[in-house]
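For reference, my_file_20.cif (mmCIF, C-alpha atoms and all ligand atoms):
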```cif
data_start
loop_
_atom_site.label_atom_id
_atom_site.label_comp_id
_atom_site.auth_asym_id
_atom_site.auth_seq_id
_atom_site.Cartn_x
_atom_site.Cartn_y
_atom_site.Cartn_z
CA MET A 20 0.00 0.00 0.00
CA THR A 21 1.30 3.46 -0.86
CA ASN A 22 0.21 6.97 0.00
CA THR A 23 -0.82 9.09 -2.97
CA LYS A 24 -1.62 12.79 -3.33
CA ALA A 25 -5.15 13.47 -4.55
CA ILE A 26 -7.81 16.17 -4.88
CA GLY A 27 -11.14 15.43 -3.27
CA SER A 28 -13.80 16.66 -0.94
CA TYR A 29 -14.98 15.63 2.52
CA ALA A 30 -18.64 16.74 2.29
CA THR A 31 -21.29 18.01 -0.12
CA GLU A 32 -20.82 21.67 0.71
CA LYS A 33 -17.03 21.52 0.99
CA PRO A 34 -14.72 22.58 -1.85
CA LEU A 35 -12.23 20.13 -3.28
CA GLU A 36 -8.88 20.17 -1.54
CA GLU A 37 -5.61 18.29 -1.47
CA LEU A 38 -5.74 15.04 0.51
CA THR A 39 -3.80 11.78 0.83
CA ILE A 40 -5.27 8.44 -0.25
CA GLN A 41 -3.94 4.88 -0.37
CA ARG A 42 -3.34 2.77 -3.46
CA ARG A 43 -3.02 -1.01 -3.09
CA ALA A 44 0.21 -2.97 -3.55
CA LEU A 45 0.23 -4.49 -7.04
CA THR A 46 -1.36 -7.92 -7.51
CA THR A 47 0.05 -10.06 -10.32
CA HIS A 48 -2.33 -8.61 -12.97
CA ASP A 49 -2.19 -4.98 -11.83
CA VAL A 50 -0.41 -2.04 -13.34
CA GLU A 51 0.42 1.24 -11.61
CA ILE A 52 -0.11 4.28 -13.81
CA ASP A 53 1.53 7.64 -13.18
CA ILE A 54 -1.31 10.00 -14.09
CA ASN A 55 -0.38 12.88 -16.40
CA PHE A 56 -3.86 14.29 -17.11
CA CYS A 57 -7.44 13.76 -15.96
CA GLY A 58 -10.50 15.31 -17.60
CA ILE A 59 -13.36 16.89 -15.63
CA CYS A 60 -16.74 15.39 -16.55
CA HIS A 61 -20.05 16.86 -15.43
CA SER A 62 -20.58 13.52 -13.62
CA ASP A 63 -17.65 14.44 -11.34
CA LEU A 64 -19.53 17.60 -10.42
CA HIS A 65 -22.91 15.83 -9.96
CA ALA A 66 -21.18 13.27 -7.69
CA ALA A 67 -18.98 15.66 -5.67
CA ARG A 68 -22.02 17.82 -4.92
CA ASN A 69 -24.15 14.72 -4.19
CA GLU A 70 -26.74 15.77 -6.78
CA TRP A 71 -27.72 12.13 -7.44
CA GLY A 72 -27.63 11.20 -3.73
CA GLY A 73 -25.52 8.40 -2.25
CA THR A 74 -22.06 9.97 -2.68
CA LYS A 75 -19.51 8.42 -0.34
CA TYR A 76 -17.11 10.93 1.23
CA PRO A 77 -14.31 11.65 1.03
CA ILE A 78 -14.77 11.58 -2.72
CA VAL A 79 -11.86 11.75 -5.16
CA PRO A 80 -13.53 12.23 -8.55
CA GLY A 81 -11.91 11.85 -11.98
CA HIS A 82 -12.55 9.15 -14.56
CA GLU A 83 -10.84 10.39 -17.73
CA ILE A 84 -7.34 9.27 -16.85
CA VAL A 85 -4.24 9.16 -19.04
CA GLY A 86 -0.64 8.55 -18.10
CA ARG A 87 2.21 6.06 -18.32
CA ILE A 88 2.78 2.62 -16.83
CA ALA A 89 5.13 3.00 -13.85
CA LYS A 90 4.99 -0.58 -12.49
CA ALA A 91 3.60 -3.89 -13.73
CA GLY A 92 2.65 -7.04 -11.80
CA THR A 93 4.45 -10.28 -12.60
CA ASP A 94 1.68 -11.69 -14.85
CA VAL A 95 0.96 -8.51 -16.80
CA THR A 96 1.14 -9.15 -20.56
CA LYS A 97 -0.64 -6.21 -22.20
CA PHE A 98 1.58 -3.37 -20.98
CA LYS A 99 5.20 -2.68 -20.26
CA ILE A 100 6.76 0.05 -18.16
CA GLY A 101 6.69 3.40 -19.96
CA ASP A 102 3.67 2.58 -22.16
CA LEU A 103 0.91 5.15 -22.50
CA ALA A 104 -2.19 3.97 -20.67
CA ALA A 105 -5.71 5.17 -19.93
CA VAL A 106 -8.50 4.37 -17.49
CA GLY A 107 -12.14 5.39 -17.75
CA CYS A 108 -15.13 4.74 -15.49
CA ILE A 109 -14.93 0.96 -15.11
CA ILE A 110 -12.00 -0.64 -13.28
CA ASP A 111 -13.45 -4.13 -12.66
CA SER A 112 -16.52 -6.28 -13.26
CA CYS A 113 -17.64 -9.85 -12.53
CA ARG A 114 -16.34 -10.94 -16.01
CA ASP A 115 -18.86 -13.82 -15.98
CA CYS A 116 -22.42 -12.50 -16.43
CA ASP A 117 -24.01 -12.27 -19.90
CA PRO A 118 -23.32 -8.53 -20.38
CA CYS A 119 -19.67 -9.00 -19.28
CA LYS A 120 -19.23 -11.92 -21.71
CA GLU A 121 -20.59 -9.69 -24.49
CA GLY A 122 -18.12 -6.91 -23.63
CA LEU A 123 -20.81 -4.80 -21.99
CA GLU A 124 -19.06 -4.44 -18.64
CA GLN A 125 -20.95 -1.18 -18.12
CA PHE A 126 -24.06 -3.30 -17.58
CA CYS A 127 -22.43 -6.02 -15.39
CA GLU A 128 -25.33 -7.64 -13.55
CA PRO A 129 -23.81 -8.26 -10.11
CA GLY A 130 -22.38 -4.73 -10.47
CA ASN A 131 -19.09 -3.41 -11.81
CA THR A 132 -16.47 -1.46 -9.91
CA ILE A 133 -16.42 2.22 -10.85
CA VAL A 134 -13.17 4.13 -10.51
CA PHE A 135 -14.53 6.26 -7.65
CA GLY A 136 -17.21 5.57 -5.08
CA SER A 137 -17.49 1.77 -5.54
CA VAL A 138 -16.68 -0.79 -2.85
CA ASP A 139 -12.90 -1.32 -2.88
CA LYS A 140 -12.52 -5.13 -2.92
CA HIS A 141 -8.82 -4.91 -2.12
CA LEU A 142 -8.51 -2.28 0.62
CA GLY A 143 -12.06 -2.01 1.95
CA GLY A 144 -13.80 1.35 2.00
CA HIS A 145 -14.47 2.83 -1.42
CA THR A 146 -12.50 3.50 -4.59
CA PHE A 147 -10.79 6.81 -5.40
CA GLY A 148 -10.65 8.33 -8.89
CA GLY A 149 -8.18 10.01 -11.14
CA PHE A 150 -7.68 13.43 -9.56
CA SER A 151 -4.54 11.90 -8.10
CA SER A 152 -0.89 11.24 -8.83
CA ASN A 153 -1.26 7.55 -9.64
CA ILE A 154 -3.71 4.67 -9.77
CA VAL A 155 -3.50 0.86 -9.56
CA VAL A 156 -5.81 -1.05 -11.92
CA ASP A 157 -6.10 -4.60 -13.27
CA GLU A 158 -4.54 -4.53 -16.75
CA ASN A 159 -7.74 -5.93 -18.28
CA PHE A 160 -9.48 -2.62 -17.54
CA VAL A 161 -6.67 -0.41 -18.84
CA LEU A 162 -6.68 1.01 -22.40
CA HIS A 163 -3.86 1.66 -24.84
CA VAL A 164 -3.62 5.30 -26.00
CA PRO A 165 -2.59 5.68 -29.66
CA GLU A 166 0.75 7.56 -29.80
CA ASN A 167 -0.43 10.04 -32.45
CA LEU A 168 -3.07 11.61 -30.17
CA ASN A 169 -2.25 14.61 -28.00
CA LEU A 170 -2.23 13.04 -24.53
CA ALA A 171 -4.06 15.80 -22.61
CA ALA A 172 -6.71 16.18 -25.32
CA ALA A 173 -7.19 12.39 -25.43
CA ALA A 174 -8.15 12.20 -21.73
CA PRO A 175 -11.81 13.25 -22.27
CA LEU A 176 -12.25 10.41 -24.77
CA LEU A 177 -12.28 7.99 -21.82
CA CYS A 178 -15.73 9.09 -20.68
CA ALA A 179 -17.16 11.88 -22.85
CA GLY A 180 -15.84 10.17 -25.99
CA ILE A 181 -17.04 6.63 -25.40
CA THR A 182 -20.40 7.84 -24.01
CA VAL A 183 -21.35 9.38 -27.35
CA TYR A 184 -19.42 7.01 -29.65
CA SER A 185 -21.27 3.97 -28.29
CA PRO A 186 -24.86 5.10 -29.07
CA LEU A 187 -23.79 6.61 -32.43
CA MET A 188 -22.42 3.18 -33.38
CA HIS A 189 -25.30 1.22 -31.85
CA TRP A 190 -27.95 3.26 -33.69
CA LYS A 191 -25.83 3.24 -36.86
CA ALA A 192 -25.02 6.90 -37.40
CA GLY A 193 -23.45 7.20 -40.84
CA LYS A 194 -23.89 8.35 -44.40
CA GLY A 195 -27.49 9.24 -45.23
CA LYS A 196 -28.48 9.67 -41.56
CA ARG A 197 -29.60 12.95 -40.04
CA ILE A 198 -28.30 13.15 -36.49
CA GLY A 199 -29.13 15.70 -33.80
CA ILE A 200 -26.88 16.50 -30.86
CA ILE A 201 -28.35 18.41 -27.88
CA GLY A 202 -25.91 20.44 -25.77
CA ILE A 203 -22.41 21.57 -26.70
CA GLY A 204 -20.42 20.58 -23.66
CA GLY A 205 -17.83 17.85 -23.12
CA LEU A 206 -19.99 15.05 -24.50
CA GLY A 207 -21.78 17.13 -27.13
CA HIS A 208 -18.71 18.61 -28.82
CA LEU A 209 -17.19 15.14 -29.22
CA ALA A 210 -20.51 13.79 -30.51
CA ILE A 211 -20.40 16.40 -33.31
CA LYS A 212 -16.87 15.29 -34.28
CA PHE A 213 -17.74 11.57 -34.20
CA ALA A 214 -21.03 11.88 -36.10
CA LYS A 215 -19.31 13.93 -38.83
CA ALA A 216 -16.42 11.44 -39.05
CA MET A 217 -19.02 8.66 -39.43
CA GLY A 218 -20.44 10.51 -42.45
CA ALA A 219 -23.74 11.71 -40.99
CA GLU A 220 -25.42 15.09 -41.42
CA VAL A 221 -25.25 16.81 -38.04
CA THR A 222 -27.65 19.31 -36.47
CA VAL A 223 -26.72 20.77 -33.10
CA PHE A 224 -29.17 22.18 -30.56
CA SER A 225 -27.73 24.66 -28.09
CA THR A 226 -29.09 27.10 -25.52
CA SER A 227 -25.93 29.22 -25.91
CA LYS A 228 -25.88 31.83 -28.68
CA ALA A 229 -22.15 32.23 -28.09
CA LYS A 230 -21.47 28.62 -29.11
CA VAL A 231 -23.20 28.75 -32.51
CA ALA A 232 -20.13 29.72 -34.57
CA ASP A 233 -18.03 27.20 -32.70
CA ALA A 234 -20.50 24.41 -33.40
CA HIS A 235 -19.89 24.98 -37.14
CA ARG A 236 -16.14 24.92 -36.55
CA LEU A 237 -16.54 21.62 -34.71
CA GLY A 238 -18.25 20.20 -37.81
CA ALA A 239 -21.99 20.83 -37.38
CA ASP A 240 -23.91 21.24 -40.65
CA PHE A 241 -26.75 23.10 -38.92
CA VAL A 242 -27.04 24.80 -35.55
CA VAL A 243 -30.36 25.54 -33.86
CA LEU A 244 -30.77 27.89 -30.91
CA SER A 245 -33.12 25.70 -28.89
CA THR A 246 -34.49 28.67 -26.92
CA ASP A 247 -35.88 30.13 -30.19
CA ALA A 248 -39.33 28.60 -30.75
CA GLU A 249 -39.39 29.67 -34.41
CA GLN A 250 -36.10 27.91 -35.18
CA MET A 251 -37.34 24.77 -33.39
CA LYS A 252 -40.59 24.84 -35.40
CA ARG A 253 -38.75 25.08 -38.73
CA GLN A 254 -36.44 22.16 -37.88
CA PRO A 255 -36.68 19.22 -40.36
CA LYS A 256 -37.12 15.72 -38.89
CA LEU A 257 -34.13 13.66 -37.78
CA ASP A 258 -33.28 9.92 -37.56
CA LEU A 259 -31.44 9.97 -34.26
CA ILE A 260 -30.89 12.50 -31.49
CA ILE A 261 -28.23 12.22 -28.77
CA ASP A 262 -29.26 14.24 -25.71
CA THR A 263 -26.25 15.26 -23.56
CA VAL A 264 -27.97 17.87 -21.38
CA SER A 265 -26.91 17.85 -17.72
CA ALA A 266 -29.97 19.64 -16.30
CA ASN A 267 -33.75 19.35 -16.50
CA HIS A 268 -35.17 20.22 -19.94
CA ASN A 269 -38.12 19.50 -22.18
CA VAL A 270 -37.45 16.31 -24.15
CA ASN A 271 -40.90 16.53 -25.77
CA ASP A 272 -39.62 19.35 -28.01
CA TYR A 273 -37.23 16.82 -29.52
CA PHE A 274 -39.62 13.84 -29.85
CA ARG A 275 -41.60 16.08 -32.21
CA ILE A 276 -38.64 16.47 -34.56
CA LEU A 277 -37.85 12.75 -34.85
CA LYS A 278 -38.84 10.88 -38.02
CA VAL A 279 -41.26 7.95 -37.75
CA ASP A 280 -39.36 5.20 -35.86
CA GLY A 281 -36.66 7.71 -34.92
CA THR A 282 -34.82 7.46 -31.61
CA LEU A 283 -33.85 9.95 -28.93
CA VAL A 284 -30.99 8.56 -26.84
CA ILE A 285 -30.48 10.20 -23.49
CA VAL A 286 -26.94 10.12 -22.15
CA GLY A 287 -27.11 13.21 -19.94
CA LEU A 288 -27.97 12.48 -16.33
CA PRO A 289 -29.96 15.38 -14.83
CA ALA A 290 -30.73 14.83 -11.17
CA GLU A 291 -34.41 15.64 -11.79
CA GLN A 292 -36.89 13.27 -13.48
CA LEU A 293 -37.82 14.24 -17.04
CA ALA A 294 -41.47 14.69 -18.00
CA VAL A 295 -42.56 12.70 -21.07
CA GLY A 296 -45.80 13.44 -22.93
CA ALA A 297 -46.95 9.99 -24.10
CA TYR A 298 -48.61 11.40 -27.21
CA ASN A 299 -45.27 12.70 -28.46
CA LEU A 300 -43.95 9.13 -28.52
CA VAL A 301 -46.96 7.17 -29.76
CA LYS A 302 -47.43 9.51 -32.72
CA GLY A 303 -44.71 8.33 -35.08
CA ARG A 304 -43.75 5.14 -33.17
CA LYS A 305 -40.81 6.97 -31.64
CA ASN A 306 -38.19 5.47 -29.37
CA PHE A 307 -36.86 6.98 -26.15
CA ALA A 308 -33.63 5.17 -25.23
CA GLY A 309 -30.65 5.51 -22.92
CA SER A 310 -26.98 4.63 -23.12
CA ASN A 311 -24.23 4.43 -20.53
CA ILE A 312 -20.51 4.88 -21.33
CA GLY A 313 -19.27 1.74 -23.18
CA GLY A 314 -17.50 -1.56 -22.59
CA ILE A 315 -13.72 -1.96 -22.43
CA ALA A 316 -13.31 -3.41 -25.95
CA GLU A 317 -15.54 -0.71 -27.43
CA THR A 318 -13.57 1.99 -25.60
CA GLN A 319 -10.37 0.66 -27.20
CA GLU A 320 -12.15 0.59 -30.59
CA MET A 321 -13.20 4.24 -30.06
CA LEU A 322 -9.59 5.24 -29.31
CA GLU A 323 -8.46 3.57 -32.57
CA PHE A 324 -11.27 5.40 -34.43
CA CYS A 325 -9.96 8.67 -32.94
CA ALA A 326 -6.40 7.84 -34.00
CA LEU A 327 -7.60 7.17 -37.56
CA HIS A 328 -9.73 10.33 -37.81
CA ASN A 329 -7.46 12.50 -35.65
CA ILE A 330 -10.18 13.24 -33.11
CA THR A 331 -9.48 14.60 -29.63
CA ALA A 332 -11.33 16.97 -27.33
CA ASP A 333 -11.03 20.78 -27.37
CA ILE A 334 -9.59 21.39 -23.93
CA GLU A 335 -8.59 23.99 -21.36
CA ILE A 336 -5.71 22.67 -19.27
CA ILE A 337 -5.90 23.71 -15.63
CA GLN A 338 -3.78 23.24 -12.50
CA ALA A 339 -5.02 21.01 -9.68
CA GLN A 340 -5.44 24.12 -7.52
CA GLU A 341 -8.00 25.53 -10.03
CA ILE A 342 -10.47 22.61 -9.84
CA ASN A 343 -13.12 24.41 -7.76
CA GLU A 344 -13.22 27.34 -10.19
CA ALA A 345 -13.49 24.87 -13.09
CA PHE A 346 -16.42 23.11 -11.37
CA ASP A 347 -18.23 26.45 -11.00
CA ARG A 348 -17.67 27.28 -14.66
CA LEU A 349 -18.85 23.78 -15.70
CA GLU A 350 -22.03 24.30 -13.69
CA LYS A 351 -22.72 27.43 -15.77
CA GLY A 352 -22.00 25.71 -19.12
CA ASP A 353 -18.92 27.96 -19.46
CA VAL A 354 -16.47 25.38 -20.82
CA HIS A 355 -14.71 25.11 -24.22
CA TYR A 356 -15.19 22.19 -24.18
CA ARG A 357 -13.50 20.11 -21.50
CA PHE A 358 -11.33 21.02 -18.55
CA VAL A 359 -8.34 18.74 -18.17
CA VAL A 360 -6.26 18.80 -14.99
CA ASP A 361 -2.49 18.69 -15.39
CA MET A 362 -1.58 16.28 -12.60
CA ALA A 363 2.05 17.45 -12.53
CA SER A 364 0.66 20.49 -10.66
CA LEU A 365 -0.45 18.17 -7.83
CA LYS A 366 3.06 16.87 -7.27
CA GLN A 367 4.62 20.30 -6.74
P1 LIG B 401 -21.23 19.71 -19.82
O1 LIG B 401 -19.88 19.82 -20.43
O2 LIG B 401 -21.59 20.58 -18.67
O3 LIG B 401 -22.30 19.89 -21.03
C1 LIG B 401 -23.67 19.88 -20.81
C2 LIG B 401 -24.32 20.86 -21.79
O4 LIG B 401 -25.75 20.77 -21.61
C3 LIG B 401 -24.00 22.31 -21.54
O5 LIG B 401 -22.78 22.72 -22.11
C4 LIG B 401 -25.19 23.01 -22.18
O6 LIG B 401 -24.98 23.08 -23.61
C5 LIG B 401 -26.32 22.03 -21.96
N1 LIG B 401 -27.18 22.46 -20.84
C6 LIG B 401 -26.79 22.68 -19.56
N2 LIG B 401 -27.84 23.07 -18.82
C7 LIG B 401 -28.91 23.09 -19.66
C8 LIG B 401 -30.28 23.39 -19.49
N3 LIG B 401 -30.79 23.78 -18.30
N4 LIG B 401 -31.12 23.29 -20.58
C9 LIG B 401 -30.63 22.92 -21.77
N5 LIG B 401 -29.32 22.64 -21.99
C10 LIG B 401 -28.48 22.72 -20.95
O7 LIG B 401 -21.48 18.21 -19.32
P2 LIG B 401 -20.89 16.82 -19.88
O8 LIG B 401 -19.67 16.48 -19.11
O9 LIG B 401 -20.89 16.85 -21.35
O10 LIG B 401 -22.03 15.82 -19.34
C11 LIG B 401 -23.37 15.96 -19.78
C12 LIG B 401 -24.28 15.07 -18.98
O11 LIG B 401 -23.98 13.69 -19.31
C13 LIG B 401 -24.09 15.14 -17.46
O12 LIG B 401 -25.38 15.03 -16.84
C14 LIG B 401 -23.25 13.94 -17.12
O13 LIG B 401 -23.43 13.49 -15.80
C15 LIG B 401 -23.78 12.94 -18.11
N6 LIG B 401 -22.89 11.82 -18.45
C16 LIG B 401 -23.48 10.63 -18.70
C17 LIG B 401 -22.69 9.55 -19.08
C18 LIG B 401 -23.34 8.26 -19.42
O14 LIG B 401 -22.64 7.25 -19.51
N7 LIG B 401 -24.63 8.21 -19.66
C19 LIG B 401 -21.30 9.70 -19.18
C20 LIG B 401 -20.75 10.96 -18.95
C21 LIG B 401 -21.55 12.03 -18.58
P3 LIG B 401 -25.41 24.38 -24.46
O15 LIG B 401 -24.70 25.53 -23.81
O16 LIG B 401 -24.94 24.07 -25.83
O17 LIG B 401 -26.91 24.49 -24.38
ZN ZN B 402 -18.01 11.04 -17.19
ZN ZN B 403 -20.58 -9.01 -15.07
#
```

Take the structure in this file and express it as structure tokens.
Amino acid sequence: MTNTKAIGSYATEKPLEELTIQRRALTTHDVEIDINFCGICHSDLHAARNEWGGTKYPIVPGHEIVGRIAKAGTDVTKFKIGDLAAVGCIIDSCRDCDPCKEGLEQFCEPGNTIVFGSVDKHLGGHTFGGFSSNIVVDENFVLHVPENLNLAAAAPLLCAGITVYSPLMHWKAGKGKRIGIIGIGGLGHLAIKFAKAMGAEVTVFSTSKAKVADAHRLGADFVVLSTDAEQMKRQPKLDLIIDTVSANHNVNDYFRILKVDGTLVIVGLPAEQLAVGAYNLVKGRKNFAGSNIGGIAETQEMLEFCALHNITADIEIIQAQEINEAFDRLEKGDVHYRFVVDMASLKQ
């Protein structure tokens, strides 16, 4: 067991601060990763502020982790010391249930181990995430980062990236498909890049006038200011909509602009329940679906897709000491388009 510097918080109302956590001694299949960068996802904010309920304190958030292998257990075969490595949300699962056997570890039936806030099977207590200097993870839950990607800008792919890549692939976004993306934040801006790279026509819905020009730069074919009722009324129908909004909003507005048999996939996780008008779904046999991150193999596939198409996140690199300010800006939607913490700043 080793002591590790981390950034976390002791209670809902408390800011994040520097603290010391323990990482386990390596088992034969574990690797220790020196963390270079960790992205800040809105889920880190929801969890740190206990917006979903059930947060275990102290919490060390962070689940978009990239770095290099510092140590490897004796039976490790997939990595060697010095390799680039990444860790997302899932750090273990039962490996035996039907979803696990299908590579859907995110839906592990007995329950997977999430990088922060899950029961720690090795040390007791709960797991601590990537706002820290290093992490110990079973090599089977560690990803290879393609060398051609900028390391800091690749970090957000580990959650924001896979969370939008997975439903775009599942619902077959591609040439001839009209795709809508709601919200231009961490998830949304990557969804625009992926859907374009897949060959789809992309319409973006944003509440922020200031992001309209940027949405075009990111690859959007059309941008709709969702607060403008006239623009929403004129909107042609779409095949698939990915909804990344982090707060309560009216999904019924979007059911109306789906084609017959079209699907709205919710990936955003507002704390409040969303109201659904049944008529908006029954008229047009529309589908309201959800999707949650992605399995380990699919996450690796997504990283290879990014390497091929040269896709990374648009990021603002911050120091560990600036995390609270970044959380406040994230809350306000003031992010272009992912904060990434430079973990070297934690070691100073
Ligand atoms: P983010 O960077 O804060 O982006 C969310 C965007 O939603 C904002 O930039 C804003 O875009 C829009 N928005 C915010 N408040 C809104 C409101 N009241 N009405 C309409 N639009 C609003 O967050 P993120 O990191 O991308 O995460 C988005 C959500 O996905 C969070 O709830 C997060 O917990 C969840 N999440 C889910 C998964 C999963 O596996 N399902 C994985 C990761 C994250 P505009 O300014 O363009 O309107
Ligand atoms: Zn996330
Ligand atoms: Zn399982």

Next on the checklist: Measuring between all atoms listed in the file, which one of A:Glu36, A:Glu70, A:Glu121, A:Glu320 shows the shortest distance to ligand LIG 401 (chain B)?
Outcome noted: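 The answer is A:Glu70, which sits nearest to ligand LIG 401 (chain B).
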
Item to check | Distance filter 7 Å around ligand LIG 401 (chain B), atoms: all atoms listed in the file, out as a PyMOL selection string | outcome: chain A and resi 60-62+65+178-179+182+201-207+224-227+230+263-268+286-289+310-312+349-350+352+354+356-357

Give as a PDB file with C-alpha atoms, keeping the file's coordinate frame each residue that has an atom at most 6 Å from (-6.7, 13.6, -10.3) in the file, counting only C-alpha atoms.
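Result went into result.pdb, see below:
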```
ATOM      1  CA  ALA A  25      -5.150  13.470  -4.550  1.00  0.00           C
ATOM      2  CA  CYS A  57      -7.440  13.760 -15.960  1.00  0.00           C
ATOM      3  CA  GLY A  81     -11.910  11.850 -11.980  1.00  0.00           C
ATOM      4  CA  GLY A 149      -8.180  10.010 -11.140  1.00  0.00           C
ATOM      5  CA  PHE A 150      -7.680  13.430  -9.560  1.00  0.00           C
ATOM      6  CA  SER A 151      -4.540  11.900  -8.100  1.00  0.00           C
TER       7      SER A 151
END
```

Item to check | Who sits within 10 Å of A:Ile260, only C-alpha atoms, same chain under 4 positions skipped, as a ChimeraX atom specification | outcome: /A:186-187,190,197-201,221-224,273-274,276-277,281-285,307

Write the residues of the selection above to a file with C-alpha atoms, as a short mmCIF file (atom, residue, chain, number, x, y, z; two decimals), keeping the file's coordinate frame.
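Dumped to part.cif:
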```cif
data_model
loop_
_atom_site.label_atom_id
_atom_site.label_comp_id
_atom_site.auth_asym_id
_atom_site.auth_seq_id
_atom_site.Cartn_x
_atom_site.Cartn_y
_atom_site.Cartn_z
CA PRO A 186 -24.86 5.10 -29.07
CA LEU A 187 -23.79 6.61 -32.43
CA TRP A 190 -27.95 3.26 -33.69
CA ARG A 197 -29.60 12.95 -40.04
CA ILE A 198 -28.30 13.15 -36.49
CA GLY A 199 -29.13 15.70 -33.80
CA ILE A 200 -26.88 16.50 -30.86
CA ILE A 201 -28.35 18.41 -27.88
CA VAL A 221 -25.25 16.81 -38.04
CA THR A 222 -27.65 19.31 -36.47
CA VAL A 223 -26.72 20.77 -33.10
CA PHE A 224 -29.17 22.18 -30.56
CA TYR A 273 -37.23 16.82 -29.52
CA PHE A 274 -39.62 13.84 -29.85
CA ILE A 276 -38.64 16.47 -34.56
CA LEU A 277 -37.85 12.75 -34.85
CA GLY A 281 -36.66 7.71 -34.92
CA THR A 282 -34.82 7.46 -31.61
CA LEU A 283 -33.85 9.95 -28.93
CA VAL A 284 -30.99 8.56 -26.84
CA ILE A 285 -30.48 10.20 -23.49
CA PHE A 307 -36.86 6.98 -26.15
#
```

Next on the checklist: Measuring between all atoms listed in the file, which one of A:Leu142, A:Met20, A:Asp333, A:Gly313 shows the shortest distance to ligand ZN 402 (chain B)?
Outcome noted: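 Of the candidates, the smallest distance to ligand ZN 402 (chain B) is held by A:Gly313.
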
Per residue of chain A within 8 Å of ligand ZN 403 (chain B), record the nearest atom pair and its distance in Å to one decimal, counting only C-alpha atoms and all ligand atoms, with rows in chain order and ascending residue number, as a Markdown table.
```
| residue | atom | partner | partner_atom | distance |
| --- | --- | --- | --- | --- |
| A:Ser112 | CA | B:ZN403 | ZN | 5.2 |
| A:Cys113 | CA | B:ZN403 | ZN | 4.0 |
| A:Arg114 | CA | B:ZN403 | ZN | 4.8 |
| A:Asp115 | CA | B:ZN403 | ZN | 5.2 |
| A:Cys116 | CA | B:ZN403 | ZN | 4.2 |
| A:Asp117 | CA | B:ZN403 | ZN | 6.8 |
| A:Pro118 | CA | B:ZN403 | ZN | 6.0 |
| A:Cys119 | CA | B:ZN403 | ZN | 4.3 |
| A:Lys120 | CA | B:ZN403 | ZN | 7.4 |
| A:Glu124 | CA | B:ZN403 | ZN | 6.0 |
| A:Phe126 | CA | B:ZN403 | ZN | 7.1 |
| A:Cys127 | CA | B:ZN403 | ZN | 3.5 |
| A:Glu128 | CA | B:ZN403 | ZN | 5.2 |
| A:Pro129 | CA | B:ZN403 | ZN | 6.0 |
| A:Gly130 | CA | B:ZN403 | ZN | 6.5 |
| A:Asn131 | CA | B:ZN403 | ZN | 6.6 |
```

Next on the checklist: Can you pull out the residues contacting A:Asp157? Cut-off 10 Å, using only C-alpha atoms, and skip same-chain residues under 6 positions away; I want them as JSON, numbers by chain.
Outcome noted: {"A": [45, 46, 47, 48, 49, 50, 51, 91, 92, 95, 110, 111]}

Next on the checklist: What's the separation between atom CA of A:Gln254 and atom CA of A:Lys278, in Å to one decimal place?
Outcome noted: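 Interatomic distance here is 11.5 Å.
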
Would you mind completing stretch 127-137 of chain A so that it carries N, CA and C atoms, and writing it out as a short mmCIF file (atom, residue, chain, number, x, y, z; two decimals), in the frame of the given file?
```
data_model
loop_
_atom_site.label_atom_id
_atom_site.label_comp_id
_atom_site.auth_asym_id
_atom_site.auth_seq_id
_atom_site.Cartn_x
_atom_site.Cartn_y
_atom_site.Cartn_z
N CYS A 127 -22.71 -4.82 -16.21
CA CYS A 127 -22.43 -6.02 -15.39
C CYS A 127 -23.55 -6.22 -14.37
N GLU A 128 -24.12 -7.44 -14.37
CA GLU A 128 -25.33 -7.64 -13.55
C GLU A 128 -25.08 -7.65 -12.05
N PRO A 129 -24.06 -8.37 -11.55
CA PRO A 129 -23.81 -8.26 -10.11
C PRO A 129 -23.30 -6.86 -9.73
N GLY A 130 -22.85 -6.10 -10.72
CA GLY A 130 -22.38 -4.73 -10.47
C GLY A 130 -20.90 -4.60 -10.72
N ASN A 131 -20.52 -3.61 -11.52
CA ASN A 131 -19.09 -3.41 -11.81
C ASN A 131 -18.47 -2.52 -10.73
N THR A 132 -17.16 -2.38 -10.82
CA THR A 132 -16.47 -1.46 -9.91
C THR A 132 -16.15 -0.19 -10.70
N ILE A 133 -16.66 0.92 -10.22
CA ILE A 133 -16.42 2.22 -10.85
C ILE A 133 -15.18 2.84 -10.19
N VAL A 134 -14.48 3.63 -10.96
CA VAL A 134 -13.17 4.13 -10.51
C VAL A 134 -13.25 4.94 -9.21
N PHE A 135 -14.38 5.63 -8.98
CA PHE A 135 -14.53 6.26 -7.65
C PHE A 135 -15.91 5.95 -7.09
N GLY A 136 -15.94 5.73 -5.77
CA GLY A 136 -17.21 5.57 -5.08
C GLY A 136 -17.77 4.15 -5.04
N SER A 137 -17.06 3.16 -5.64
CA SER A 137 -17.49 1.77 -5.54
C SER A 137 -16.82 1.12 -4.34
#
```
